[in-house]
There are 2 protein chains.
Amino acid sequence: MTSPYLDKHRDRLDAAVAACASRTYYSAYDESPSPRVYGETAAGEGKAAFEAWLGQPFPLETPGSDGTVSTERSPYGFDLGVSYPRSGDVDALLSAARAGMKAWRDAGPEARTGVCIEILDRLHARVFELANAVQHTSGQAFVMAFQAGGAHALDRALEAIAYAWVEMTRTPRTAVWEKPGKVPLKMEKTFTVVPRGVALVIGCNTFPTWNSWPGLFASLVTGNAVVVKPHPSAVLPLAITVQVCQEVLAEAGFDPHLVNLAAEEPADRLAASLALRPEVKLIDYTGGNAFGTWLEEHATQAVVFTEKAGVNTVVVDSTSSFGAMCQNLAFSFALYTGQMCTAPQNVYLPAAGIETDEGVKSPAEVAAGIGAAFDKLLGEDARAVELLGGVVNGGVLTRLDDSGSTGEVYVASRAVTHPSYPDATVRTPTIIGLTAADSDVYETECFGPVAYVIATEGTEESIRLFRDTVQRHGAMTASVYSTSEDVIEEMRDAALDAGVALSENLLGAVFVNQSAAYSDFHGTGANPAANASYTDGAYVASRFHVVQSRRHV
Amino acid sequence: MTSPYLDKHRDRLDAAVAACASRTYYSAYDESPSPRVYGETAAGEGKAAFEAWLGQPFPLETPGSDGTVSTERSPYGFDLGVSYPRSGDVDALLSAARAGMKAWRDAGPEARTGVCIEILDRLHARVFELANAVQHTSGQAFVMAFQAGGAHALDRALEAIAYAWVEMTRTPRTAVWEKPGKVPLKMEKTFTVVPRGVALVIGCNTFPTWNSWPGLFASLVTGNAVVVKPHPSAVLPLAITVQVCQEVLAEAGFDPHLVNLAAEEPADRLAASLALRPEVKLIDYTGGNAFGTWLEEHATQAVVFTEKAGVNTVVVDSTSSFGAMCQNLAFSFALYTGQMCTAPQNVYLPAAGIETDEGVKSPAEVAAGIGAAFDKLLGEDARAVELLGGVVNGGVLTRLDDSGSTGEVYVASRAVTHPSYPDATVRTPTIIGLTAADSDVYETECFGPVAYVIATEGTEESIRLFRDTVQRHGAMTASVYSTSEDVIEEMRDAALDAGVALSENLLGAVFVNQSAAYSDFHGTGANPAANASYTDGAYVASRFHVVQSRRHV
């Protein structure tokens with residue numbers, strides 16, 4: 001079978017499939033927002049397109065909707081004022097979502113894969129508009145919104161499609177089976193990919209596209225209908241997404257309501273009521289632990305993929321470059337004000353200090369070193385905001401304000417004034433000194449710009465605390481600094497036990513909180529922070545079934 | 001990495017992997033118990049080995065056990081009298097199971113795959129002993145016990161190992177990632193397969209090996225420890241299995257208690273208490289719907305694979321060979337007294353009759369045709385028992401006795417006397433005539449030798465009832481007889497909607513209740529009868545995680 005869209009995108013698909021298998025570098029969407037890449041007018045046009053939505057009703061129709069909602073305020077200090085249909089009659093919504101599934105199923109993997117990559121192409125054409133939408137819902141700085149919310153999100157989506165493609169096509173469409181014997185038996189068999197049902201995608205505030213697209217496209221390409229329930233504070237990026245999905249689906253002759261936006265008032269608790277519906281067979285969720293665990297325990301009619309929160313850890317034993325280590329850590333703490341599920345939080349290091357190229361450094365001196373790196377990175381407000389972005393919501397600010405109540409404030413947070421958005425709340429990270437005894441503080445995720453430097457008896461205890469904390473509370477990332485191969489080996493072993501990805505001696509321009517599509521797995525599923533990974537076989541294989549028929553020939 | 005056992009079995013693994021991808025015929029274990037294949041003495045030695053267990057304590061040590069249990073009685077009319085350690089202290093059991101996991105994980109996919117195929121080799125060497133054990137726990141006739149319980153079960157186990165091998169090795173062990181740019185970034189990455197935890201395998205009475213081995217080996221080869229909880233009436237086949245697993249694990253230098261037998265008194269409800277333990281992360285279950293659904297809803301800490309029960313359906317519209325159709329159906333109803341999860345139960349056909357090469361046949365005439373085929377197949381007791389085997393338990397007999405209370409008994413069941421085992425309970429199938437209105441009867445699985453011939457308004461209603469019944473109550477198999485391409489097409493479509501495998505116009509020596517490893521999927525996961533399939537990607541992909549580490553190079 002062929003499909004015009006698949007023919008068009010075949011090289012891209014093949015390259016993505018190959019990269020997933022080799023785990024070497026690949027990217028299909030340029031991460032540089034430079035005019036040299038995207039043209040002189042792209043940035044301005046994208047910004048204008050974003051601004052044209054402000055204060056307007058977004059032109060999407062949600063089946064069964066009842067009135068509208070308008071719930072977004074930019075962390076940069078203004079209301080977006082975009083209104084969306086408010087999801088109302090869930091029966092009508094799910095029934096409309098299911099109506100097109102049969103034709104979508106019967107179209108086959110080739111047609112679905114072609115349509116999904118075409119959708120990515122169209123989203124890519126609107127990447128500047130999306131970047132503005134991500135910036136003004138998540139609070140990310142523009143370049144990060146362009147990269148993480150645009151180009152990298154597209155790569156993660158393509159990765160999910162590539163994995164699903166491999167999984168759907170590992171069984172041939174038809175096969176002839178011939179059993180030898182006195183009377184040979186010969187049968188022709190047909191194998192068809194059938195979807196599970198309706199997939200629910202529950203978006204988050206901080207990464208509305210990067211965290212929603214993999215699940216959305218993994219479910220859609222395998223034949224399911226998708227209901228996208230955005231975070232009330234980050235609707236626009238997903239509204240644009242749904243608009244593009246519907247546009248391409250309709251052009252390709254499919255029911256546009258295979259993908260729907262289900263917007264709500266925060267008090268509607270729409271995610272919970274959708275999640276328990278028998279029609280909903282797949283759920284992708286990014287967000288807090290309480291609701292994620294509730295979904296895992298209660299939505300038993302569905303396969304549930306969760307990315308929740310954990311306690312990301314750095315074990316510092318020694319380093320060949322104190323300055324580079326402090327700079328690398330400072331960047332990781334500061335990037336998007338630490339509002340990343342992958343941002344490090346706990347730094348375990350010996351109370352007696354660590355060996356470095358600049359001599360032994362005590363915990364206080366390590367904190368001071370990171371503080372000095374903050375000064376370089378964030379000393380100038382205009383430069384600082386491009387790294388920090390804005391504080392996404394009041395919860396982050398409250399946690400930051402409360403963070404000094406236990407321990408010693410090694411580095412204080414500083415308020416930054418945004419030159420273009422004076423109403424934005426911008427803060428630099430704080431570093432708090434704790435001891436191993438303060439587990440009631442450091443064993444909880446403090447989402448936002450708070451880092452703990454935790455003095456231990458030595459690296460053995462650091463590694464033990466790391467293994468134990470992650471096994472019990474989860475983590476999305478871990479890293480280690482050591483000049484000792486033995487310590488590195490012990491940390492690798494502990495990271496396998498704890499089921500968390502490990503970065504070793506990051507001293508350059510790779511940061512623990514960043515993962516590269518097609519090569520780095522994001523999350524492992526092997527610790528409490530997430531039950532799934534972007535993207536492995538398990539992330540796609542259970543989104544569909546194979547149904548066969550057979551006959552003698 | 002290499003492994004001596006993998007080197008030894010590499011060709012077999014490669015052949016199985018290739019067959020799974022092509023879905024063409026393959027078998028690694030000869031299904032013929034003939035002396036020409038297995039040698040003159042094999043059958044006698046296997047029987048003697050089986051008989052040597054009778055009345056003896058089985059030499060297995062179960063950590064935390066408390067006394068022994070002896071719970072098996074052959075459906076052929078004698079107590080086995082084998083005693084097994086009774087599982088007692090679950091903490092001790094699970095702790096012993098976990099003790100060897102780290103070394104098993106660190107050994108890597110190559111070593112684990114080699115060890116698992118070596119276990120199959122050793123089980124194959126004891127295939128006649130296993131066949132006797134399966135015969136005298138399930139009640140299957142000897143040849144079927146040899147094939148389904150021996151050779152085919154080994155093939156299904158190898159299939160699961162092959163799928164897991166592909167899944168574990170789709171990510172390379174190491175990769176170098178190099179991002180171009182002004183300052184190119186280069187990282188070396190290591191990817192490690194890590195297990196989920198302890199896997200619980202809950203065996204069934206009728207297919208103790210065929211239904212338990214795929215899950216057992218899929219979990220073991222991916223690095224998990226396995227606790228095997230056999231059905232109290234079918235312990236011996238799994239005790240032998242665990243013995244062989246432990247023997248090979250120990251020889252290869254691993255902890256033998258990576259695989260354990262957890263035998264019980266039926267009242268112990270051991271499966272339920274094990275299933276909710278936090279250490280248990282994988283559950284494979286074959287059995288009734290009530291406990292299967294309970295597991296799916298309550299064991300939320302684990303990934304649960306269930307094969308439950310459904311209502312297997314035949315839609316008869318017309319046929320080119322009335323005799324061949326009746327023979328084929330009769331065989332399917334009679335094989336192992338209909339005590340197969342894949343045996344057909346509901347035959348929908350038009351009240352006005354079907355077109356055949358012998359003229360129009362009414363429902364009563366179709367039943368009579370199948371009855372006549374029964375007479376040929378089962379008329380002689382000595383031949384009949386080789387197809388029927390024995391009634392596995394009293395529940396089957398009760399359902400058979402009660403089956404005529406609604407509808408018309410078209411064909412009555414007959415008691416058969418086993419020439420060698422006069423105490424065995426052997427019955428031929430009954431065929432009951434119903435109408436579409438009798439849904440309270442035919443919408444429930446009547447496990448055993450009871451078939452319903454259900455008169456409908458026509459094939460349209462037959463297909464509608466088929467689709468509807470399977471969507472609501474599930475099915476492991478479906479088949480259709482029609483000379484009309486349009487009807488076949490409608491049935492294919494309905495089978496996709498219902499999510500069940502379809503066999504079309506089986507008129508020869510392939511039967512709807514048989515599936516071929518590497519080619520036919522057993523179960524789809526897409527209807528209520530099972531949430532999993534032997535074997536697709538979803539069956540193996542979520543049994544492990546991939547954990548990475550990365551560093552600059």
# chains A, B, ... in the order shown; residues from 1 in each chain; ligands from 1
>>> closest_atom_pairs(of="chain B", to="chain A", cutoff="6 Å", atoms="only C-alpha atoms", output="CSV")
residue,atom,partner,partner_atom,distance
B:Ala21,CA,A:Thr171,CA,5.8
B:Thr24,CA,A:Trp177,CA,4.5
B:Tyr25,CA,A:Trp177,CA,5.2
B:Thr171,CA,A:Ala21,CA,5.8
B:Trp177,CA,A:Thr24,CA,4.5
B:Glu178,CA,A:Tyr25,CA,5.7
B:Lys179,CA,A:Tyr25,CA,5.8
B:Glu297,CA,A:Thr300,CA,5.6
B:Thr300,CA,A:Glu297,CA,5.6
B:Ala501,CA,A:Gln548,CA,4.9
B:Leu502,CA,A:Ser549,CA,4.4
B:Ser503,CA,A:Arg550,CA,5.0
B:Glu504,CA,A:Arg551,CA,5.0
B:Gly537,CA,A:Ala541,CA,5.6
B:Ala538,CA,A:Ala541,CA,4.6
B:Ala541,CA,A:Ala538,CA,4.6
B:Ser542,CA,A:Ala538,CA,5.0
B:Val547,CA,A:Ala501,CA,5.5
B:Gln548,CA,A:Ala501,CA,4.9
B:Ser549,CA,A:Leu502,CA,4.4
B:Arg550,CA,A:Ser503,CA,5.0
B:Arg551,CA,A:Glu504,CA,5.0
>>> residues_around(residues="Pro59 (chain A)", least_positions_apart="3", cutoff="10 Å", atoms="only C-alpha atoms", output="list in words")
Trp53, Gln56, Thr62, Ser83, Tyr84, Pro85, Ala239, Ile240 and Gln243 of chain A
>>> write_last_selection(atoms="N, CA and C atoms", output="PDB file, in the first residue's frame")
ATOM      1  N   TRP A  53      -4.513  35.957  17.760  1.00  0.00           N
ATOM      2  CA  TRP A  53      -5.450  35.132  18.555  1.00  0.00           C
ATOM      3  C   TRP A  53      -5.910  35.829  19.825  1.00  0.00           C
ATOM      4  N   GLN A  56      -9.532  36.729  21.167  1.00  0.00           N
ATOM      5  CA  GLN A  56     -10.466  36.206  20.163  1.00  0.00           C
ATOM      6  C   GLN A  56     -10.978  34.814  20.533  1.00  0.00           C
ATOM      7  N   THR A  62     -15.831  21.936  19.359  1.00  0.00           N
ATOM      8  CA  THR A  62     -15.722  20.740  20.181  1.00  0.00           C
ATOM      9  C   THR A  62     -17.103  20.117  20.318  1.00  0.00           C
ATOM     10  N   SER A  83     -10.601  32.562  23.771  1.00  0.00           N
ATOM     11  CA  SER A  83     -11.667  31.703  24.301  1.00  0.00           C
ATOM     12  C   SER A  83     -11.799  30.451  23.443  1.00  0.00           C
ATOM     13  N   TYR A  84     -12.129  29.361  24.136  1.00  0.00           N
ATOM     14  CA  TYR A  84     -12.243  28.041  23.506  1.00  0.00           C
ATOM     15  C   TYR A  84     -13.577  27.431  23.888  1.00  0.00           C
ATOM     16  N   PRO A  85     -14.094  26.533  23.049  1.00  0.00           N
ATOM     17  CA  PRO A  85     -15.327  25.842  23.440  1.00  0.00           C
ATOM     18  C   PRO A  85     -15.091  25.112  24.765  1.00  0.00           C
ATOM     19  N   ALA A 239      -4.478  23.978  21.162  1.00  0.00           N
ATOM     20  CA  ALA A 239      -5.568  24.366  20.250  1.00  0.00           C
ATOM     21  C   ALA A 239      -5.039  24.477  18.828  1.00  0.00           C
ATOM     22  N   ILE A 240      -3.850  25.102  18.686  1.00  0.00           N
ATOM     23  CA  ILE A 240      -3.230  25.179  17.360  1.00  0.00           C
ATOM     24  C   ILE A 240      -2.934  23.770  16.842  1.00  0.00           C
ATOM     25  N   GLN A 243      -6.114  22.162  15.718  1.00  0.00           N
ATOM     26  CA  GLN A 243      -6.533  22.806  14.469  1.00  0.00           C
ATOM     27  C   GLN A 243      -5.784  22.219  13.274  1.00  0.00           C
TER      28      GLN A 243
END
>>> atom_distance(atom1="CA of Ala384 (chain B)", atom2="CA of Arg73 (chain B)")
21.8 Å
>>> residues_around(residues="Gly407 (chain B)", least_positions_apart="2", cutoff="7 Å", atoms="only C-alpha atoms", output="NGL selection string")
:B and (404-405 or 409 or 432-434)
>>> residues_around(residues="region 422-430 of chain B", least_positions_apart="3", cutoff="6 Å", atoms="only C-alpha atoms", output="list in words")
Pro75, Tyr76, Gly77, Gly390, Val391, Val411, Ala412, Ser413, Arg414, Ala415, Val416, His418, Pro449 and Val450 of chain B
>>> write_last_selection(atoms="N, CA and C atoms", output="compact mmCIF listing (two decimals), in the first residue's frame")
# COMPACT_ATOMS: atom_id res chain seq x y z
N PRO B 75 -7.75 -36.87 35.73
CA PRO B 75 -9.09 -37.05 35.17
C PRO B 75 -9.30 -38.48 34.66
N TYR B 76 -8.23 -39.25 34.55
CA TYR B 76 -8.36 -40.65 34.16
C TYR B 76 -8.62 -41.55 35.36
N GLY B 77 -8.78 -40.95 36.54
CA GLY B 77 -9.32 -41.73 37.64
C GLY B 77 -8.39 -42.20 38.73
N GLY B 390 -10.35 -36.74 28.73
CA GLY B 390 -11.31 -36.90 29.83
C GLY B 390 -11.88 -35.57 30.27
N VAL B 391 -13.04 -35.64 30.92
CA VAL B 391 -13.65 -34.44 31.50
C VAL B 391 -12.77 -33.98 32.65
N VAL B 411 -28.37 -32.93 19.34
CA VAL B 411 -27.47 -34.09 19.47
C VAL B 411 -27.20 -34.26 20.96
N ALA B 412 -27.43 -35.45 21.48
CA ALA B 412 -27.23 -35.69 22.91
C ALA B 412 -25.80 -36.13 23.16
N SER B 413 -25.33 -35.81 24.35
CA SER B 413 -24.01 -36.28 24.76
C SER B 413 -24.10 -37.76 25.10
N ARG B 414 -23.01 -38.44 24.95
CA ARG B 414 -22.95 -39.87 25.20
C ARG B 414 -21.77 -40.14 26.10
N ALA B 415 -21.97 -41.04 27.06
CA ALA B 415 -20.86 -41.44 27.93
C ALA B 415 -20.01 -42.47 27.20
N VAL B 416 -18.71 -42.29 27.27
CA VAL B 416 -17.76 -43.17 26.59
C VAL B 416 -16.95 -43.89 27.67
N HIS B 418 -13.53 -45.52 28.74
CA HIS B 418 -12.12 -45.55 28.34
C HIS B 418 -11.60 -46.97 28.50
N PRO B 449 -18.17 -29.44 26.57
CA PRO B 449 -18.65 -30.00 25.29
C PRO B 449 -20.10 -29.63 24.98
N VAL B 450 -20.38 -28.33 24.95
CA VAL B 450 -21.73 -27.87 24.67
C VAL B 450 -21.66 -26.86 23.52
>>> residues_around(residues="Gly44 (chain A)", least_positions_apart="2", cutoff="12 Å", atoms="only C-alpha atoms", output="PDB file with N, CA and C atoms, in the first residue's frame")
ATOM      1  N   PRO A  33      16.202  29.376  15.596  1.00  0.00           N
ATOM      2  CA  PRO A  33      15.176  30.304  15.078  1.00  0.00           C
ATOM      3  C   PRO A  33      15.769  31.412  14.205  1.00  0.00           C
ATOM      4  N   SER A  34      16.989  31.211  13.756  1.00  0.00           N
ATOM      5  CA  SER A  34      17.690  32.255  13.016  1.00  0.00           C
ATOM      6  C   SER A  34      17.014  32.537  11.671  1.00  0.00           C
ATOM      7  N   PRO A  35      17.025  33.812  11.263  1.00  0.00           N
ATOM      8  CA  PRO A  35      16.487  34.160   9.934  1.00  0.00           C
ATOM      9  C   PRO A  35      17.232  33.445   8.813  1.00  0.00           C
ATOM     10  N   TYR A  38      15.181  30.114   8.829  1.00  0.00           N
ATOM     11  CA  TYR A  38      13.733  30.153   8.602  1.00  0.00           C
ATOM     12  C   TYR A  38      13.275  31.343   7.749  1.00  0.00           C
ATOM     13  N   GLY A  39      14.231  32.210   7.340  1.00  0.00           N
ATOM     14  CA  GLY A  39      13.873  33.360   6.504  1.00  0.00           C
ATOM     15  C   GLY A  39      13.650  34.606   7.345  1.00  0.00           C
ATOM     16  N   GLU A  40      13.769  35.723   6.683  1.00  0.00           N
ATOM     17  CA  GLU A  40      13.746  37.015   7.372  1.00  0.00           C
ATOM     18  C   GLU A  40      12.390  37.312   8.012  1.00  0.00           C
ATOM     19  N   THR A  41      11.325  36.841   7.404  1.00  0.00           N
ATOM     20  CA  THR A  41      10.002  37.282   7.847  1.00  0.00           C
ATOM     21  C   THR A  41       9.331  36.303   8.807  1.00  0.00           C
ATOM     22  N   ALA A  42       9.905  35.113   8.972  1.00  0.00           N
ATOM     23  CA  ALA A  42       9.213  34.053   9.717  1.00  0.00           C
ATOM     24  C   ALA A  42       8.921  34.460  11.163  1.00  0.00           C
ATOM     25  N   GLY A  46       5.194  34.894  12.650  1.00  0.00           N
ATOM     26  CA  GLY A  46       4.742  33.998  13.708  1.00  0.00           C
ATOM     27  C   GLY A  46       4.231  34.761  14.910  1.00  0.00           C
ATOM     28  N   LYS A  47       4.948  35.816  15.260  1.00  0.00           N
ATOM     29  CA  LYS A  47       4.520  36.626  16.400  1.00  0.00           C
ATOM     30  C   LYS A  47       3.166  37.285  16.100  1.00  0.00           C
ATOM     31  N   ALA A  48       3.032  37.796  14.884  1.00  0.00           N
ATOM     32  CA  ALA A  48       1.766  38.433  14.495  1.00  0.00           C
ATOM     33  C   ALA A  48       0.623  37.423  14.521  1.00  0.00           C
ATOM     34  N   ALA A  49       0.905  36.206  14.069  1.00  0.00           N
ATOM     35  CA  ALA A  49      -0.135  35.174  14.071  1.00  0.00           C
ATOM     36  C   ALA A  49      -0.568  34.867  15.496  1.00  0.00           C
ATOM     37  N   PHE A  50       0.407  34.781  16.408  1.00  0.00           N
ATOM     38  CA  PHE A  50       0.073  34.577  17.819  1.00  0.00           C
ATOM     39  C   PHE A  50      -0.771  35.738  18.338  1.00  0.00           C
ATOM     40  N   GLU A  51      -0.326  36.940  18.071  1.00  0.00           N
ATOM     41  CA  GLU A  51      -1.021  38.104  18.623  1.00  0.00           C
ATOM     42  C   GLU A  51      -2.436  38.238  18.066  1.00  0.00           C
ATOM     43  N   ARG A 126       4.223  26.473  11.253  1.00  0.00           N
ATOM     44  CA  ARG A 126       3.702  27.465  12.206  1.00  0.00           C
ATOM     45  C   ARG A 126       4.558  27.500  13.473  1.00  0.00           C
ATOM     46  N   VAL A 127       5.839  27.144  13.352  1.00  0.00           N
ATOM     47  CA  VAL A 127       6.645  26.945  14.550  1.00  0.00           C
ATOM     48  C   VAL A 127       6.881  28.243  15.324  1.00  0.00           C
ATOM     49  N   PHE A 128       6.968  29.377  14.624  1.00  0.00           N
ATOM     50  CA  PHE A 128       7.155  30.640  15.356  1.00  0.00           C
ATOM     51  C   PHE A 128       5.879  31.025  16.113  1.00  0.00           C
ATOM     52  N   GLU A 129       4.745  30.802  15.490  1.00  0.00           N
ATOM     53  CA  GLU A 129       3.470  31.052  16.166  1.00  0.00           C
ATOM     54  C   GLU A 129       3.363  30.151  17.404  1.00  0.00           C
ATOM     55  N   ALA A 131       5.846  28.828  19.047  1.00  0.00           N
ATOM     56  CA  ALA A 131       6.843  29.233  20.042  1.00  0.00           C
ATOM     57  C   ALA A 131       6.308  30.390  20.886  1.00  0.00           C
ATOM     58  N   ASN A 132       5.648  31.349  20.243  1.00  0.00           N
ATOM     59  CA  ASN A 132       5.031  32.441  21.007  1.00  0.00           C
ATOM     60  C   ASN A 132       3.942  31.914  21.936  1.00  0.00           C
TER      61      ASN A 132
END
>>> residues_around(residues="Arg383 (chain B)", least_positions_apart="6", cutoff="10 Å", atoms="only C-alpha atoms", output="PyMOL selection string")
chain B and resi 376-377+418-419
>>> residues_around(residues="Val198 (chain A)", least_positions_apart="3", cutoff="9 Å", atoms="only C-alpha atoms", output="list in words")
Leu94, Ala97, Arg98, Met101, Pro195, Ser219, Asn224, Ala225, Val226, Val227, Leu258, Glu279, Val280, Lys281, Leu282 and Ile283 of chain A
>>> write_last_selection(atoms="C-alpha atoms", output="tab-separated table (two decimals), in the first residue's frame")
chain	number	residue	atom	x	y	z
A	94	LEU	CA	-16.64	10.64	22.70
A	97	ALA	CA	-14.38	11.10	18.37
A	98	ARG	CA	-15.25	7.48	17.61
A	101	MET	CA	-12.25	5.53	13.71
A	195	PRO	CA	-6.85	0.64	17.50
A	219	SER	CA	-2.11	7.09	19.66
A	224	ASN	CA	-7.05	5.72	17.79
A	225	ALA	CA	-9.10	8.88	18.12
A	226	VAL	CA	-7.60	11.47	20.45
A	227	VAL	CA	-9.18	13.87	22.93
A	258	LEU	CA	-10.61	12.10	15.20
A	279	GLU	CA	-14.52	4.36	25.64
A	280	VAL	CA	-11.18	5.78	26.81
A	281	LYS	CA	-8.59	3.06	26.36
A	282	LEU	CA	-5.36	5.07	26.40
A	283	ILE	CA	-4.29	7.92	28.64
>>> select_by_dssp(residues="region 312-503 of chain A", states="alpha helix (DSSP H)", output="PyMOL selection string")
chain A and resi 322-334+363-378+381-388+394-402+439-442+459-473+485-498
